[in-house]
$ cat data_17.cif   # mmCIF, C-alpha atoms and all ligand atoms
data_protein
loop_
_atom_site.label_atom_id
_atom_site.label_comp_id
_atom_site.auth_asym_id
_atom_site.auth_seq_id
_atom_site.Cartn_x
_atom_site.Cartn_y
_atom_site.Cartn_z
CA MET A 1 -14.69 45.96 -10.66
CA SER A 2 -17.61 44.59 -8.57
CA ALA A 3 -16.91 43.08 -5.15
CA LEU A 4 -15.59 39.54 -5.12
CA LYS A 5 -18.26 37.26 -3.70
CA ILE A 6 -17.28 34.06 -1.93
CA LEU A 7 -19.70 31.40 -0.70
CA VAL A 8 -18.62 29.35 2.33
CA ILE A 9 -20.30 25.97 2.82
CA PRO A 10 -19.69 23.93 5.99
CA GLY A 11 -20.30 20.23 5.39
CA SER A 12 -21.64 19.46 8.86
CA LEU A 13 -24.88 20.34 10.63
CA ARG A 14 -23.66 19.20 14.05
CA THR A 15 -23.85 21.60 16.99
CA GLY A 16 -20.28 22.65 17.77
CA SER A 17 -19.04 21.22 14.47
CA LEU A 18 -15.26 21.50 14.04
CA ASN A 19 -15.84 22.13 10.34
CA ALA A 20 -18.45 24.82 10.90
CA ARG A 21 -15.93 26.51 13.23
CA LEU A 22 -13.23 26.32 10.56
CA ALA A 23 -15.71 27.67 8.00
CA ALA A 24 -16.41 30.60 10.35
CA ALA A 25 -12.68 31.28 10.77
CA ALA A 26 -12.20 31.14 6.99
CA ALA A 27 -15.18 33.44 6.40
CA TYR A 28 -13.64 35.94 8.81
CA GLU A 29 -10.28 35.86 6.96
CA LEU A 30 -12.00 36.17 3.58
CA ALA A 31 -13.89 39.23 4.80
CA GLN A 32 -10.65 40.70 6.17
CA ALA A 33 -9.26 40.32 2.65
CA ASP A 34 -12.19 42.39 1.33
CA ALA A 35 -14.27 39.57 -0.11
CA GLU A 36 -18.04 39.73 0.25
CA VAL A 37 -18.74 36.51 2.12
CA THR A 38 -21.91 34.45 2.43
CA ARG A 39 -21.72 31.58 4.92
CA ILE A 40 -24.63 29.18 4.69
CA SER A 41 -25.80 26.08 6.53
CA LEU A 42 -26.82 23.07 4.48
CA GLY A 43 -29.56 22.73 7.09
CA ASP A 44 -31.32 25.50 5.16
CA PHE A 45 -31.17 23.36 1.99
CA PRO A 46 -32.52 19.99 3.16
CA LEU A 47 -32.50 17.36 0.42
CA PRO A 48 -33.64 13.75 0.26
CA ILE A 49 -31.06 11.10 -0.60
CA TYR A 50 -30.68 11.21 -4.38
CA ASP A 51 -33.02 8.81 -6.12
CA GLY A 52 -33.47 8.83 -9.90
CA ASP A 53 -37.11 7.75 -9.56
CA LEU A 54 -37.77 10.71 -7.28
CA GLN A 55 -36.19 13.06 -9.81
CA THR A 56 -38.25 11.56 -12.63
CA LYS A 57 -41.45 11.85 -10.60
CA SER A 58 -41.00 15.21 -8.89
CA GLY A 59 -38.04 16.89 -10.59
CA VAL A 60 -35.01 18.32 -8.82
CA PRO A 61 -36.01 19.65 -5.35
CA LYS A 62 -36.26 23.42 -5.01
CA HIS A 63 -33.53 23.47 -2.36
CA ALA A 64 -31.05 22.02 -4.88
CA ILE A 65 -32.11 24.63 -7.45
CA ASN A 66 -31.80 27.40 -4.86
CA LEU A 67 -28.37 26.20 -3.75
CA LYS A 68 -27.19 25.97 -7.36
CA ARG A 69 -28.35 29.57 -7.90
CA MET A 70 -26.67 30.63 -4.66
CA ILE A 71 -23.40 29.12 -5.94
CA GLY A 72 -23.98 30.85 -9.28
CA ALA A 73 -24.30 34.22 -7.53
CA HIS A 74 -20.74 33.92 -6.16
CA HIS A 75 -17.33 34.05 -7.83
CA GLY A 76 -15.73 31.44 -5.59
CA VAL A 77 -16.79 28.69 -3.20
CA LEU A 78 -15.13 27.22 -0.13
CA ILE A 79 -16.38 23.83 1.06
CA VAL A 80 -15.28 22.75 4.54
CA THR A 81 -15.96 19.07 4.92
CA PRO A 82 -15.70 16.51 7.71
CA GLU A 83 -14.09 13.16 6.99
CA TYR A 84 -16.26 10.09 7.42
CA ASN A 85 -14.59 6.72 6.98
CA SER A 86 -11.84 8.24 4.84
CA SER A 87 -14.20 10.06 2.52
CA VAL A 88 -16.78 12.85 2.38
CA PRO A 89 -19.95 12.56 4.48
CA PRO A 90 -23.23 11.72 2.74
CA LEU A 91 -24.47 15.28 3.35
CA VAL A 92 -21.70 16.73 1.18
CA LYS A 93 -21.84 14.10 -1.58
CA ASN A 94 -25.64 14.07 -1.73
CA THR A 95 -25.76 17.87 -1.94
CA ILE A 96 -23.25 17.91 -4.80
CA ASP A 97 -25.10 15.08 -6.55
CA TRP A 98 -28.39 17.00 -6.49
CA VAL A 99 -26.78 20.27 -7.59
CA THR A 100 -25.25 18.50 -10.60
CA ARG A 101 -28.78 17.51 -11.66
CA VAL A 102 -30.04 21.10 -11.83
CA GLN A 103 -30.83 22.21 -15.38
CA ASP A 104 -31.27 25.99 -15.31
CA ALA A 105 -31.87 26.95 -18.96
CA PRO A 106 -30.15 28.41 -20.94
CA GLU A 107 -27.14 27.11 -18.96
CA ALA A 108 -25.78 23.65 -19.60
CA ARG A 109 -26.13 21.24 -16.69
CA GLY A 110 -23.07 21.51 -14.45
CA GLN A 111 -21.99 24.86 -15.88
CA VAL A 112 -22.12 26.35 -12.37
CA PHE A 113 -19.15 24.16 -11.40
CA ARG A 114 -17.12 24.98 -14.49
CA GLU A 115 -17.27 28.75 -14.21
CA ARG A 116 -15.88 29.42 -10.73
CA ALA A 117 -13.07 28.55 -8.36
CA PHE A 118 -13.53 26.07 -5.52
CA ALA A 119 -11.40 25.72 -2.40
CA ILE A 120 -11.59 22.80 -0.01
CA ALA A 121 -10.78 22.42 3.67
CA SER A 122 -11.44 19.91 6.41
CA ALA A 123 -11.16 19.68 10.18
CA SER A 124 -10.79 16.59 12.29
CA GLY A 125 -9.60 15.67 15.75
CA SER A 126 -7.20 13.23 14.12
CA ARG A 127 -3.60 13.78 13.00
CA LEU A 128 -4.53 13.61 9.30
CA GLY A 129 -7.08 16.39 9.69
CA GLY A 130 -9.49 14.93 7.15
CA SER A 131 -6.98 14.90 4.29
CA ARG A 132 -8.55 11.76 2.78
CA ALA A 133 -11.92 13.51 2.62
CA LEU A 134 -10.17 16.32 0.76
CA ALA A 135 -8.73 13.87 -1.76
CA ALA A 136 -12.23 12.49 -2.33
CA LEU A 137 -13.81 15.95 -2.57
CA ARG A 138 -11.13 17.16 -4.99
CA LEU A 139 -11.86 14.15 -7.20
CA ILE A 140 -15.63 14.75 -7.11
CA LEU A 141 -15.34 18.46 -7.91
CA SER A 142 -12.73 17.86 -10.59
CA ALA A 143 -15.04 15.33 -12.21
CA CYS A 144 -17.60 18.17 -12.31
CA HIS A 145 -14.92 20.18 -14.20
CA ALA A 146 -14.61 22.65 -11.34
CA THR A 147 -11.39 24.60 -10.93
CA VAL A 148 -10.22 23.36 -7.52
CA ILE A 149 -7.35 25.53 -6.29
CA PRO A 150 -4.11 23.68 -5.42
CA ASN A 151 -3.92 24.96 -1.81
CA GLN A 152 -6.06 23.14 0.71
CA LEU A 153 -6.24 22.93 4.48
CA ALA A 154 -6.60 19.72 6.50
CA LEU A 155 -6.80 20.97 10.08
CA SER A 156 -5.30 18.31 12.38
CA PHE A 157 -6.22 18.00 16.05
CA ALA A 158 -8.97 20.50 15.33
CA ASP A 159 -10.50 20.05 18.78
CA GLN A 160 -7.39 21.81 20.16
CA ALA A 161 -6.86 24.27 17.31
CA TYR A 162 -8.91 27.24 18.53
CA ASP A 163 -8.47 29.93 21.15
CA ASP A 164 -11.23 31.32 23.40
CA MET A 165 -12.36 33.64 20.58
CA ASP A 166 -12.72 30.64 18.23
CA ARG A 167 -9.75 31.82 16.15
CA LEU A 168 -7.03 29.43 15.03
CA LYS A 169 -4.18 29.63 17.55
CA HIS A 170 -1.29 27.71 15.95
CA PRO A 171 0.93 29.73 13.54
CA GLY A 172 1.13 26.88 11.01
CA ASP A 173 -2.66 26.59 10.84
CA ILE A 174 -3.07 30.36 10.54
CA GLU A 175 -0.55 30.50 7.69
CA ALA A 176 -2.24 27.58 5.89
CA LEU A 177 -5.65 29.22 6.19
CA ASN A 178 -4.30 32.55 4.96
CA ALA A 179 -2.60 30.87 1.99
CA LEU A 180 -5.87 29.13 1.12
CA VAL A 181 -7.83 32.38 1.38
CA ARG A 182 -5.29 34.33 -0.69
CA GLN A 183 -5.26 31.73 -3.46
CA LEU A 184 -9.06 31.41 -3.54
CA ILE A 185 -9.37 35.18 -3.90
CA ASP A 186 -6.63 35.33 -6.53
CA VAL A 187 -8.05 32.52 -8.70
CA SER A 188 -11.65 33.73 -8.26
CA GLN A 189 -10.64 37.22 -9.37
CA ARG A 190 -8.93 35.84 -12.45
CA MET A 191 -12.07 33.85 -13.33
CA MET A 192 -14.48 36.82 -12.89
C1 LIG A 201 -19.39 7.96 10.65
C2 LIG A 201 -18.15 8.67 11.05
C3 LIG A 201 -16.95 8.34 10.46
C4 LIG A 201 -15.78 9.04 10.79
N1 LIG A 201 -14.62 8.74 10.13
C5 LIG A 201 -13.53 9.53 10.32
C6 LIG A 201 -12.37 9.37 9.51
O1 LIG A 201 -12.30 8.55 8.62
N2 LIG A 201 -11.33 10.21 9.73
C7 LIG A 201 -11.37 11.20 10.69
O2 LIG A 201 -10.40 11.94 10.83
N3 LIG A 201 -12.44 11.35 11.48
C8 LIG A 201 -13.53 10.56 11.31
N4 LIG A 201 -14.65 10.73 12.07
C9 LIG A 201 -14.63 11.73 13.14
C10 LIG A 201 -15.01 13.09 12.60
O3 LIG A 201 -13.88 13.68 12.00
C11 LIG A 201 -15.46 13.95 13.77
O4 LIG A 201 -16.66 13.41 14.30
C12 LIG A 201 -15.67 15.37 13.38
O5 LIG A 201 -15.84 16.14 14.54
C13 LIG A 201 -16.87 15.52 12.43
O6 LIG A 201 -16.93 16.81 11.91
P1 LIG A 201 -17.83 17.96 12.59
O7 LIG A 201 -17.24 18.23 13.95
O8 LIG A 201 -17.63 19.11 11.69
O9 LIG A 201 -19.24 17.49 12.67
C14 LIG A 201 -15.82 10.04 11.77
C15 LIG A 201 -17.04 10.36 12.39
C16 LIG A 201 -18.19 9.69 12.02
C17 LIG A 201 -19.51 10.09 12.67
#

$ encode --input "data_17.cif" --output "structure tokens" --more "lines below"
Ligand SMILES: Cc1cc2nc3c(=O)[nH]c(=O)nc-3n(C[C@H](O)[C@H](O)[C@H](O)COP(=O)(O)O)c2cc1C
Amino acid sequence: MSALKILVIPGSLRTGSLNARLAAAAAYELAQADAEVTRISLGDFPLPIYDGDLQTKSGVPKHAINLKRMIGAHHGVLIVTPEYNSSVPPLVKNTIDWVTRVQDAPEARGQVFRERAFAIASASGSRLGGSRALAALRLILSACHATVIPNQLALSFADQAYDDMDRLKHPGDIEALNALVRQLIDVSQRMM
């Protein structure tokens, strides 16, 4: 069987992002579990705010097509999103919106979501850890007919969650991350 490939997407571009740090910790655990991990920055896939007129005039931007193909080259995807005003940030929603518009013949539009497993996680300095963003993201991905695994991680008090090596330091957080990683690998393998 070929190596299991997992794509990790942090939903923040901010320097020192709590979510980028969680994405890095998750990528490390996935690699420890023998997955082949690609961790990207959405900064390398800059996209304008979705506008139907823009799509009609210029087509879907190449960065959306490239990101869709990057997703398609992996068996599973982990999205680590911040919570903005109880939902997902515009960066995450706008990226998903553009990717859903990619028509890569002979595939049907949106097929890239239907054929692989998605895991979701969030990190926030608050007690809820971004759990409302996860509810929103689960709804969005489910509406795209993605298989979103049941386990998820909302990392509370994320500004105090890491040790000096940038690893999670609280046993409960470590166990939740490991459970997420194990289930993403398991479901992705079954969907290969
Ligand atoms: C516009 C805006 C809205 C926010 N709303 C929430 C919120 O609803 N819940 C929450 O836990 N944190 C909220 N925050 C705080 C973010 O969780 C915090 O800035 C976090 O560090 C952002 O993620 P990042 O560190 O990965 O960039 C908000 C921040 C911004 C800028």

$ closest_residue --input "data_17.cif" --among "A:Glu83, A:Glu36, A:Asp44, A:Asp104" --to "A:Arg69" --atoms "all atoms listed in the file"
A:Asp104

$ residues_around --input "data_17.cif" --residues "A:Ala133" --least-positions-apart "3" --cutoff "6 Å" --atoms "all atoms listed in the file" --output "list in words"
Glu83, Ser86, Ser87, Val88, Gly130 and Ala136 of chain A

$ atom_distance --input "data_17.cif" --atom1 "atom CA of A:Val102" --atom2 "atom CA of A:Ile49"
15.1 Å

$ closest_atom_pairs --input "data_17.cif" --of "chain A" --to "ligand LIG 201 (chain A)" --cutoff "6 Å" --atoms "all atoms listed in the file" --output "CSV"
residue,atom,partner,partner_atom,distance
A:Ser12,CA,A:LIG201,O9,4.9
A:Arg14,CA,A:LIG201,O9,4.9
A:Ser17,CA,A:LIG201,O7,3.5
A:Leu18,CA,A:LIG201,O7,3.8
A:Asn19,CA,A:LIG201,O8,3.8
A:Ala20,CA,A:LIG201,O8,5.8
A:Pro82,CA,A:LIG201,O6,4.4
A:Glu83,CA,A:LIG201,C6,4.9
A:Tyr84,CA,A:LIG201,N1,3.4
A:Asn85,CA,A:LIG201,O1,3.4
A:Ser86,CA,A:LIG201,O1,3.8
A:Ser124,CA,A:LIG201,O3,4.3
A:Ser126,CA,A:LIG201,O2,4.8
A:Gly129,CA,A:LIG201,O2,5.7
A:Gly130,CA,A:LIG201,O2,4.8

$ closest_residue --input "data_17.cif" --among "A:Arg182, A:Arg109, A:Lys93, A:Lys5" --to "A:Glu29" --atoms "all atoms listed in the file"
A:Arg182

$ closest_residue --input "data_17.cif" --among "A:Ser41, A:Ser2, A:Asp34, A:Arg127" --to "A:Thr15" --atoms "only C-alpha atoms"
A:Ser41

$ atom_distance --input "data_17.cif" --atom1 "atom CA of A:Ala26" --atom2 "atom CA of A:Val80"
9.3 Å

$ atom_distance --input "data_17.cif" --atom1 "atom CA of A:Pro150" --atom2 "atom CA of A:Leu180"
8.7 Å

$ closest_residue --input "data_17.cif" --among "A:Gln111, A:Ile174, A:Gln183, A:Thr95" --to "A:Ile140" --atoms "only C-alpha atoms"
A:Thr95

$ closest_residue --input "data_17.cif" --among "A:Ile79, A:Val148, A:Val8, A:Ala158" --to "A:Ile40" --atoms "only C-alpha atoms"
A:Val8

$ closest_residue --input "data_17.cif" --among "A:Leu139, A:Ala176, A:Leu128, A:Val181" --to "A:Phe157" --atoms "only C-alpha atoms"
A:Leu128

$ build_atoms --input "data_17.cif" --residues "stretch 82-98 of chain A" --atoms "N, CA and C atoms" --output "CSV table (one decimal), keeping the file's coordinate frame"
chain,number,residue,atom,x,y,z
A,82,PRO,N,-16.2,17.6,6.8
A,82,PRO,CA,-15.7,16.5,7.7
A,82,PRO,C,-15.2,15.3,6.9
A,83,GLU,N,-14.5,14.4,7.6
A,83,GLU,CA,-14.1,13.2,7.0
A,83,GLU,C,-14.9,12.0,7.7
A,84,TYR,N,-15.6,11.3,6.9
A,84,TYR,CA,-16.3,10.1,7.4
A,84,TYR,C,-15.7,8.9,6.7
A,85,ASN,N,-15.1,8.0,7.5
A,85,ASN,CA,-14.6,6.7,7.0
A,85,ASN,C,-13.8,7.0,5.7
A,86,SER,N,-12.8,7.9,5.9
A,86,SER,CA,-11.8,8.2,4.8
A,86,SER,C,-12.4,8.9,3.6
A,87,SER,N,-13.6,9.4,3.7
A,87,SER,CA,-14.2,10.1,2.5
A,87,SER,C,-15.1,11.2,3.0
A,88,VAL,N,-15.9,11.8,2.0
A,88,VAL,CA,-16.8,12.8,2.4
A,88,VAL,C,-18.1,12.3,3.0
A,89,PRO,N,-18.7,13.0,3.9
A,89,PRO,CA,-20.0,12.6,4.5
A,89,PRO,C,-21.1,12.6,3.4
A,90,PRO,N,-22.1,11.8,3.7
A,90,PRO,CA,-23.2,11.7,2.7
A,90,PRO,C,-23.8,13.1,2.5
A,91,LEU,N,-23.9,13.9,3.5
A,91,LEU,CA,-24.5,15.3,3.4
A,91,LEU,C,-23.8,16.0,2.2
A,92,VAL,N,-22.5,16.0,2.2
A,92,VAL,CA,-21.7,16.7,1.2
A,92,VAL,C,-21.9,16.1,-0.2
A,93,LYS,N,-21.7,14.8,-0.3
A,93,LYS,CA,-21.8,14.1,-1.6
A,93,LYS,C,-23.2,14.2,-2.1
A,94,ASN,N,-24.3,14.0,-1.3
A,94,ASN,CA,-25.6,14.1,-1.7
A,94,ASN,C,-26.0,15.5,-2.2
A,95,THR,N,-25.5,16.5,-1.5
A,95,THR,CA,-25.8,17.9,-1.9
A,95,THR,C,-25.2,18.1,-3.3
A,96,ILE,N,-23.9,17.7,-3.5
A,96,ILE,CA,-23.2,17.9,-4.8
A,96,ILE,C,-24.0,17.1,-5.9
A,97,ASP,N,-24.4,15.9,-5.6
A,97,ASP,CA,-25.1,15.1,-6.6
A,97,ASP,C,-26.4,15.8,-7.0
A,98,TRP,N,-27.2,16.3,-6.1
A,98,TRP,CA,-28.4,17.0,-6.5
A,98,TRP,C,-28.1,18.3,-7.3
